[in-house]
Amino acid sequence: MAVTFITAVDIDPGTYGSYQEIDVSANVSSLATGIIIRIRNGSSDVQWHARMKGSTDDYYSDTDHVGLAFGFCGIDSNKKLEVKLQRAVTAFELIGYFEGETSFFTNAVDITPSSAQVWESTDISSHTGTDTAIAALILADTNTAGDFGARKNGSTDTYKFDADGKAHLIIGVDATEIMEVWSNSHDVKLLGYMTHGVSMNTNSTDIKPVSNNTWTTQNLSASATGAIVLSGHTTNIDPQEDWGVRQTGSGLNWFGDFNEAMGFGICNVNASQQIDTYIEDTTDTVFRLLGEFRAIGTGGTVPPLAMHHYRGRRK
């Protein structure tokens, strides 16, 4: 049981401006608890939200500009979700799915910091029950420009970027299930958490391309099955510059604007555990590896007494 990547499947709802049911049972395993979404916006800003069927959440907000964005969403026991998309886009795709290593809430849990513009400790242990999380799946949502960031407790990373609209992020938590969140004006929601099958860096590592407008191959660890990445512009709140991430050898030449000044990505690796990263301008930008998905037994081992983690969703 692990995060699994698949050939991209179109899940554009075809009807716009209202929630539409999407059945992904033909594309995911019987153990799937949630999906990974990739959206490429072909023109101006576009609003969207994806939620587990049965949820009442309505975080319908922008991916900005001609952008590239990644997200995730829980699915119900019948492998269904609901999508609200403002209009047709270049691509709205299912590229992978989570299984028993990841639990999703039917309705997201509010973890918005009580203070703005400070790194605030956020303890998710009261939301994980008898589980012990090692990573949090979060969503920052706002229609007001402002910095957003998150880091594992104990990290010295200071990466926070303007994110006007919707920003998904997977971030590590420490042994007591604490992370730190920075928010200027965002509502921050806990969509779910992971108990195994992932290795999160305390401090992210540099995977920035060496040249402008060039795909650069990055080597991950020998046990990596996927990458969790963060990119952004450190000085301009709305640079309208392209970024991208892909499996090495895929030939997928997709890149797009930051969501304001932030890009979050989830990517498969090739057989040599490699990915490619792309950025339009290496000046005043960062590209960081937050963590790696791992197969069970290669850094993603399930403790002998924790097999209940396979149960799937928490509601």
# chains A, B, ... in the order shown; residues from 1 in each chain; ligands from 1
>>> residues_around(residues="Gly165 (chain A)", least_positions_apart="2", cutoff="10 Å", atoms="only C-alpha atoms", output="list in words")
Asp45, Val46, Gln47, Trp48, Tyr59, Tyr60, Ser61, Asp62, Thr63, Asp64, Ala140, Asp141, Thr142, Asn143, Thr144, Ala145, Gly146, Asp162, Ala163, Ala167, His186, Asn259 and Glu260 of chain A
>>> closest_atom_pairs(of="region 8-60 of chain A", to="region 92-109 of chain A", cutoff="7 Å", atoms="only C-alpha atoms", output="tab-separated table")
residue	atom	partner	partner_atom	distance
A:Ala8	CA	A:Ile95	CA	4.6
A:Val9	CA	A:Leu94	CA	5.1
A:Asp10	CA	A:Glu93	CA	4.6
A:Ile11	CA	A:Glu93	CA	5.3
A:Asp12	CA	A:Phe92	CA	5.2
A:Val28	CA	A:Tyr97	CA	6.6
A:Leu31	CA	A:Glu99	CA	5.4
A:Ala32	CA	A:Glu99	CA	4.3
A:Thr33	CA	A:Glu99	CA	5.1
A:Gly34	CA	A:Phe98	CA	5.1
A:Ile35	CA	A:Tyr97	CA	4.1
A:Ile36	CA	A:Gly96	CA	5.0
A:Ile37	CA	A:Leu94	CA	4.9
A:Arg38	CA	A:Glu93	CA	5.2
A:Ile39	CA	A:Phe92	CA	4.6
A:Arg40	CA	A:Phe92	CA	6.7
A:Met52	CA	A:Thr106	CA	6.0
A:Gly54	CA	A:Thr106	CA	6.9
A:Ser55	CA	A:Thr106	CA	5.2
A:Thr56	CA	A:Asn107	CA	6.6
A:Asp57	CA	A:Asn107	CA	6.0
>>> write_last_selection(atoms="N, CA and C atoms", output="PDB file, in the first residue's frame")
ATOM      1  N   ALA A   8      -1.894   9.835 -16.818  1.00  0.00           N
ATOM      2  CA  ALA A   8      -2.880  10.880 -16.526  1.00  0.00           C
ATOM      3  C   ALA A   8      -4.242  10.569 -17.142  1.00  0.00           C
ATOM      4  N   VAL A   9      -5.287  10.795 -16.327  1.00  0.00           N
ATOM      5  CA  VAL A   9      -6.673  10.565 -16.740  1.00  0.00           C
ATOM      6  C   VAL A   9      -7.439  11.881 -16.616  1.00  0.00           C
ATOM      7  N   ASP A  10      -8.129  12.263 -17.667  1.00  0.00           N
ATOM      8  CA  ASP A  10      -8.923  13.489 -17.660  1.00  0.00           C
ATOM      9  C   ASP A  10     -10.102  13.346 -16.696  1.00  0.00           C
ATOM     10  N   ILE A  11     -10.204  14.259 -15.728  1.00  0.00           N
ATOM     11  CA  ILE A  11     -11.365  14.272 -14.833  1.00  0.00           C
ATOM     12  C   ILE A  11     -12.055  15.635 -14.854  1.00  0.00           C
ATOM     13  N   ASP A  12     -11.885  16.365 -15.961  1.00  0.00           N
ATOM     14  CA  ASP A  12     -12.638  17.606 -16.157  1.00  0.00           C
ATOM     15  C   ASP A  12     -14.124  17.266 -16.092  1.00  0.00           C
ATOM     16  N   VAL A  28      -8.388   3.757  -9.934  1.00  0.00           N
ATOM     17  CA  VAL A  28      -7.655   3.623  -8.676  1.00  0.00           C
ATOM     18  C   VAL A  28      -7.901   2.235  -8.110  1.00  0.00           C
ATOM     19  N   LEU A  31      -8.211  -0.008  -2.545  1.00  0.00           N
ATOM     20  CA  LEU A  31      -7.700   0.521  -1.276  1.00  0.00           C
ATOM     21  C   LEU A  31      -7.504   2.032  -1.302  1.00  0.00           C
ATOM     22  N   ALA A  32      -7.779   2.670  -2.427  1.00  0.00           N
ATOM     23  CA  ALA A  32      -7.500   4.100  -2.571  1.00  0.00           C
ATOM     24  C   ALA A  32      -8.324   4.934  -1.602  1.00  0.00           C
ATOM     25  N   THR A  33      -7.683   5.937  -1.009  1.00  0.00           N
ATOM     26  CA  THR A  33      -8.340   6.859  -0.076  1.00  0.00           C
ATOM     27  C   THR A  33      -8.414   8.283  -0.600  1.00  0.00           C
ATOM     28  N   GLY A  34      -7.626   8.588  -1.633  1.00  0.00           N
ATOM     29  CA  GLY A  34      -7.617   9.938  -2.182  1.00  0.00           C
ATOM     30  C   GLY A  34      -6.837   9.962  -3.476  1.00  0.00           C
ATOM     31  N   ILE A  35      -6.901  11.089  -4.179  1.00  0.00           N
ATOM     32  CA  ILE A  35      -6.249  11.205  -5.483  1.00  0.00           C
ATOM     33  C   ILE A  35      -5.348  12.431  -5.544  1.00  0.00           C
ATOM     34  N   ILE A  36      -4.420  12.388  -6.504  1.00  0.00           N
ATOM     35  CA  ILE A  36      -3.539  13.509  -6.817  1.00  0.00           C
ATOM     36  C   ILE A  36      -4.045  14.158  -8.102  1.00  0.00           C
ATOM     37  N   ILE A  37      -4.163  15.474  -8.084  1.00  0.00           N
ATOM     38  CA  ILE A  37      -4.718  16.233  -9.200  1.00  0.00           C
ATOM     39  C   ILE A  37      -3.649  17.154  -9.776  1.00  0.00           C
ATOM     40  N   ARG A  38      -3.586  17.220 -11.104  1.00  0.00           N
ATOM     41  CA  ARG A  38      -2.734  18.202 -11.785  1.00  0.00           C
ATOM     42  C   ARG A  38      -3.634  19.067 -12.668  1.00  0.00           C
ATOM     43  N   ILE A  39      -3.480  20.382 -12.540  1.00  0.00           N
ATOM     44  CA  ILE A  39      -4.280  21.307 -13.336  1.00  0.00           C
ATOM     45  C   ILE A  39      -3.344  22.245 -14.082  1.00  0.00           C
ATOM     46  N   ARG A  40      -3.618  22.399 -15.357  1.00  0.00           N
ATOM     47  CA  ARG A  40      -2.898  23.378 -16.173  1.00  0.00           C
ATOM     48  C   ARG A  40      -3.917  24.327 -16.755  1.00  0.00           C
ATOM     49  N   MET A  52     -14.148  15.361  -1.225  1.00  0.00           N
ATOM     50  CA  MET A  52     -14.700  14.022  -1.104  1.00  0.00           C
ATOM     51  C   MET A  52     -16.219  14.085  -1.249  1.00  0.00           C
ATOM     52  N   GLY A  54     -19.790  13.733  -0.286  1.00  0.00           N
ATOM     53  CA  GLY A  54     -20.350  13.771   1.062  1.00  0.00           C
ATOM     54  C   GLY A  54     -19.846  14.933   1.881  1.00  0.00           C
ATOM     55  N   SER A  55     -18.773  15.594   1.411  1.00  0.00           N
ATOM     56  CA  SER A  55     -18.243  16.764   2.106  1.00  0.00           C
ATOM     57  C   SER A  55     -19.097  17.987   1.817  1.00  0.00           C
ATOM     58  N   THR A  56     -19.122  18.912   2.765  1.00  0.00           N
ATOM     59  CA  THR A  56     -19.792  20.201   2.566  1.00  0.00           C
ATOM     60  C   THR A  56     -18.782  21.345   2.406  1.00  0.00           C
ATOM     61  N   ASP A  57     -17.488  21.018   2.341  1.00  0.00           N
ATOM     62  CA  ASP A  57     -16.466  22.047   2.134  1.00  0.00           C
ATOM     63  C   ASP A  57     -16.700  22.762   0.804  1.00  0.00           C
TER      64      ASP A  57
END
>>> residues_around(residues="Thr122 (chain A)", least_positions_apart="4", cutoff="9 Å", atoms="only C-alpha atoms", output="MDAnalysis selection string")
chainID A and resid 111:113 153 177:181
>>> closest_residue(among="A:Ala227, A:Ala88, A:Ala26, A:Ala222", to="Ile275 (chain A)", atoms="only C-alpha atoms")
A:Ala227
>>> residues_around(residues="Ser43 (chain A)", least_positions_apart="6", cutoff="12 Å", atoms="only C-alpha atoms", output="PyMOL selection string")
chain A and resi 63-68+87-91+256-257
>>> closest_residue(among="A:Gly129, A:Gly42, A:Gly149, A:Gly14", to="Phe255 (chain A)", atoms="only C-alpha atoms")
A:Gly42
>>> closest_atom_pairs(of="region 91-207 of chain A", to="region 280-296 of chain A", cutoff="10 Å", atoms="only C-alpha atoms", output="JSON lines")
{"residue": "A:Glu101", "atom": "CA", "partner": "A:Ile296", "partner_atom": "CA", "distance": 9.5}
{"residue": "A:Ala135", "atom": "CA", "partner": "A:Gly291", "partner_atom": "CA", "distance": 9.6}
{"residue": "A:Arg151", "atom": "CA", "partner": "A:Leu290", "partner_atom": "CA", "distance": 9.1}
{"residue": "A:Lys152", "atom": "CA", "partner": "A:Leu290", "partner_atom": "CA", "distance": 9.7}
{"residue": "A:Tyr159", "atom": "CA", "partner": "A:Val286", "partner_atom": "CA", "distance": 8.6}
{"residue": "A:Leu169", "atom": "CA", "partner": "A:Leu290", "partner_atom": "CA", "distance": 9.7}
{"residue": "A:Ile170", "atom": "CA", "partner": "A:Leu290", "partner_atom": "CA", "distance": 8.0}
{"residue": "A:Ile171", "atom": "CA", "partner": "A:Leu290", "partner_atom": "CA", "distance": 7.1}
{"residue": "A:Gly172", "atom": "CA", "partner": "A:Gly291", "partner_atom": "CA", "distance": 8.1}
{"residue": "A:His196", "atom": "CA", "partner": "A:Ile296", "partner_atom": "CA", "distance": 7.9}
{"residue": "A:Gly197", "atom": "CA", "partner": "A:Arg294", "partner_atom": "CA", "distance": 4.9}
{"residue": "A:Val198", "atom": "CA", "partner": "A:Phe293", "partner_atom": "CA", "distance": 4.2}
{"residue": "A:Ser199", "atom": "CA", "partner": "A:Glu292", "partner_atom": "CA", "distance": 5.3}
{"residue": "A:Met200", "atom": "CA", "partner": "A:Gly291", "partner_atom": "CA", "distance": 4.1}
{"residue": "A:Asn201", "atom": "CA", "partner": "A:Gly291", "partner_atom": "CA", "distance": 5.4}
{"residue": "A:Thr202", "atom": "CA", "partner": "A:Leu290", "partner_atom": "CA", "distance": 8.2}
{"residue": "A:Asn203", "atom": "CA", "partner": "A:Leu290", "partner_atom": "CA", "distance": 7.6}
{"residue": "A:Ser204", "atom": "CA", "partner": "A:Leu290", "partner_atom": "CA", "distance": 4.9}
{"residue": "A:Thr205", "atom": "CA", "partner": "A:Leu289", "partner_atom": "CA", "distance": 5.1}
{"residue": "A:Asp206", "atom": "CA", "partner": "A:Arg288", "partner_atom": "CA", "distance": 4.8}
{"residue": "A:Ile207", "atom": "CA", "partner": "A:Arg288", "partner_atom": "CA", "distance": 5.4}
>>> select_by_dssp(residues="region 32-257 of chain A", states="strand (DSSP E)", output="ChimeraX atom specification")
/A:34-40,46-52,61-63,68-74,80-85,91-98,102-110,120-123,135-141,147-152,161-162,166-172,178-183,187-194,198-206,216-219,224-233,242-247,256-257
>>> write_last_selection(atoms="C-alpha atoms", output="short mmCIF file (atom, residue, chain, number, x, y, z; two decimals), in the first residue's frame")
data_model
loop_
_atom_site.label_atom_id
_atom_site.label_comp_id
_atom_site.auth_asym_id
_atom_site.auth_seq_id
_atom_site.Cartn_x
_atom_site.Cartn_y
_atom_site.Cartn_z
CA GLY A 34 -7.62 9.94 -2.18
CA ILE A 35 -6.25 11.20 -5.48
CA ILE A 36 -3.54 13.51 -6.82
CA ILE A 37 -4.72 16.23 -9.20
CA ARG A 38 -2.73 18.20 -11.79
CA ILE A 39 -4.28 21.31 -13.34
CA ARG A 40 -2.90 23.38 -16.17
CA VAL A 46 -9.58 29.93 -12.87
CA GLN A 47 -11.49 28.97 -9.73
CA TRP A 48 -11.85 25.34 -8.65
CA HIS A 49 -12.27 23.00 -5.73
CA ALA A 50 -12.27 19.23 -5.33
CA ARG A 51 -13.78 17.49 -2.29
CA MET A 52 -14.70 14.02 -1.10
CA SER A 61 -10.79 29.83 -5.24
CA ASP A 62 -8.22 30.70 -7.88
CA THR A 63 -5.27 29.12 -9.53
CA LEU A 68 0.44 24.96 -13.29
CA ALA A 69 -0.82 23.56 -9.99
CA PHE A 70 -1.10 20.27 -8.12
CA GLY A 71 -3.55 19.27 -5.41
CA PHE A 72 -5.14 16.31 -3.66
CA CYS A 73 -8.57 15.24 -2.54
CA GLY A 74 -10.15 12.44 -0.52
CA LYS A 80 -16.12 9.25 -5.78
CA LEU A 81 -15.32 12.92 -5.38
CA GLU A 82 -16.97 16.18 -6.41
CA VAL A 83 -15.34 18.86 -8.55
CA LYS A 84 -16.40 22.47 -9.08
CA LEU A 85 -14.50 24.07 -11.95
CA ALA A 91 -5.90 19.92 -18.35
CA PHE A 92 -7.63 18.81 -15.17
CA GLU A 93 -6.18 15.37 -14.49
CA LEU A 94 -5.91 12.49 -12.07
CA ILE A 95 -2.21 11.50 -12.01
CA GLY A 96 -2.05 9.21 -8.97
CA TYR A 97 -3.71 8.06 -5.78
CA PHE A 98 -3.13 7.47 -2.08
CA THR A 102 -3.01 8.39 3.94
CA SER A 103 -6.22 9.30 5.75
CA PHE A 104 -8.53 12.07 4.55
CA PHE A 105 -11.21 13.91 6.49
CA THR A 106 -14.66 14.18 4.93
CA ASN A 107 -14.71 17.84 5.96
CA ALA A 108 -11.39 19.61 6.40
CA VAL A 109 -10.23 20.60 9.90
CA ASP A 110 -9.49 24.28 10.51
CA GLU A 120 3.14 29.36 14.70
CA SER A 121 3.33 25.83 16.09
CA THR A 122 0.40 23.72 14.87
CA ASP A 123 -0.29 20.43 16.66
CA ALA A 135 3.12 14.38 7.26
CA ALA A 136 0.16 16.74 6.98
CA LEU A 137 -1.86 17.43 3.81
CA ILE A 138 -2.98 21.03 4.01
CA LEU A 139 -4.81 23.66 1.99
CA ALA A 140 -4.43 27.41 2.26
CA ASP A 141 -7.38 29.28 0.84
CA ASP A 147 2.37 35.11 2.24
CA PHE A 148 1.82 31.48 3.15
CA GLY A 149 4.29 28.84 4.26
CA ALA A 150 4.63 25.73 6.40
CA ARG A 151 7.58 23.76 7.74
CA LYS A 152 8.29 20.76 9.93
CA PHE A 161 5.44 32.99 -0.77
CA ASP A 162 2.54 35.09 -1.90
CA LYS A 166 -5.67 28.09 -3.51
CA ALA A 167 -2.42 26.48 -2.33
CA HIS A 168 -2.04 22.79 -1.45
CA LEU A 169 1.00 21.58 0.47
CA ILE A 170 2.34 18.37 2.03
CA ILE A 171 4.58 19.13 4.98
CA GLY A 172 6.35 17.00 7.56
CA ILE A 178 3.72 19.41 15.24
CA MET A 179 4.49 21.63 12.26
CA GLU A 180 4.80 25.40 11.96
CA VAL A 181 2.56 27.51 9.74
CA TRP A 182 2.97 31.10 8.51
CA SER A 183 -0.10 32.87 7.19
CA ASP A 187 -7.60 30.11 6.03
CA VAL A 188 -5.51 26.99 6.59
CA LYS A 189 -7.21 23.58 6.51
CA LEU A 190 -6.01 20.09 7.35
CA LEU A 191 -7.33 17.82 4.58
CA GLY A 192 -5.61 14.66 5.80
CA TYR A 193 -2.36 13.12 6.96
CA MET A 194 0.14 10.35 6.22
CA VAL A 198 6.73 9.08 2.83
CA SER A 199 9.99 10.56 4.09
CA MET A 200 9.83 14.30 4.80
CA ASN A 201 12.96 16.43 5.11
CA THR A 202 13.33 18.54 8.24
CA ASN A 203 15.06 21.12 6.09
CA SER A 204 14.21 21.02 2.40
CA THR A 205 17.02 20.43 -0.11
CA ASP A 206 17.92 22.48 -3.16
CA THR A 216 17.41 19.95 -15.21
CA THR A 217 17.59 16.34 -14.03
CA GLN A 218 17.63 15.83 -10.25
CA ASN A 219 18.67 12.60 -8.53
CA ALA A 224 12.16 7.22 -3.81
CA THR A 225 8.95 6.50 -5.73
CA GLY A 226 7.86 10.13 -6.05
CA ALA A 227 8.81 13.68 -5.15
CA ILE A 228 7.13 16.47 -3.18
CA VAL A 229 8.45 19.86 -4.25
CA LEU A 230 8.05 23.57 -3.54
CA SER A 231 9.06 26.46 -5.77
CA GLY A 232 8.59 30.18 -5.50
CA HIS A 233 9.77 33.72 -6.11
CA ASP A 242 6.96 29.66 -15.32
CA TRP A 243 7.97 26.63 -13.30
CA GLY A 244 7.54 22.89 -13.78
CA VAL A 245 8.35 19.41 -12.51
CA ARG A 246 8.16 16.08 -14.35
CA GLN A 247 9.39 12.50 -14.37
CA GLY A 256 3.19 27.33 -16.19
CA ASP A 257 3.04 30.42 -14.00
#
>>> atom_distance(atom1="CA of Tyr16 (chain A)", atom2="CA of Ala261 (chain A)")
26.6 Å
>>> atom_distance(atom1="CA of Leu220 (chain A)", atom2="CA of Glu241 (chain A)")
25.4 Å
>>> atom_distance(atom1="CA of Asn268 (chain A)", atom2="CA of Asp76 (chain A)")
24.2 Å
>>> closest_residue(among="A:Thr214, A:Asp157, A:Val269, A:Ser115", to="Ser185 (chain A)", atoms="only C-alpha atoms")
A:Ser115
>>> decode(residues="region 73-97 of chain A", atoms="C-alpha atoms", output="mmCIF file, in the first residue's frame")
data_model
loop_
_atom_site.group_PDB
_atom_site.id
_atom_site.type_symbol
_atom_site.label_atom_id
_atom_site.label_comp_id
_atom_site.auth_asym_id
_atom_site.auth_seq_id
_atom_site.Cartn_x
_atom_site.Cartn_y
_atom_site.Cartn_z
ATOM 1 C CA CYS A 73 -8.572 15.236 -2.539
ATOM 2 C CA GLY A 74 -10.145 12.445 -0.516
ATOM 3 C CA ILE A 75 -12.575 10.008 -2.123
ATOM 4 C CA ASP A 76 -15.441 8.123 -0.495
ATOM 5 C CA SER A 77 -15.797 4.350 -0.161
ATOM 6 C CA ASN A 78 -17.265 4.201 -3.685
ATOM 7 C CA LYS A 79 -14.205 6.065 -5.033
ATOM 8 C CA LYS A 80 -16.123 9.248 -5.780
ATOM 9 C CA LEU A 81 -15.325 12.925 -5.384
ATOM 10 C CA GLU A 82 -16.972 16.180 -6.412
ATOM 11 C CA VAL A 83 -15.341 18.861 -8.548
ATOM 12 C CA LYS A 84 -16.403 22.465 -9.082
ATOM 13 C CA LEU A 85 -14.499 24.069 -11.953
ATOM 14 C CA GLN A 86 -15.165 27.574 -13.248
ATOM 15 C CA ARG A 87 -14.566 26.768 -16.921
ATOM 16 C CA ALA A 88 -12.671 24.451 -19.237
ATOM 17 C CA VAL A 89 -8.880 24.417 -18.773
ATOM 18 C CA THR A 90 -5.975 22.916 -20.689
ATOM 19 C CA ALA A 91 -5.895 19.919 -18.351
ATOM 20 C CA PHE A 92 -7.630 18.813 -15.165
ATOM 21 C CA GLU A 93 -6.179 15.374 -14.491
ATOM 22 C CA LEU A 94 -5.905 12.487 -12.073
ATOM 23 C CA ILE A 95 -2.207 11.499 -12.006
ATOM 24 C CA GLY A 96 -2.052 9.213 -8.969
ATOM 25 C CA TYR A 97 -3.708 8.060 -5.775
#
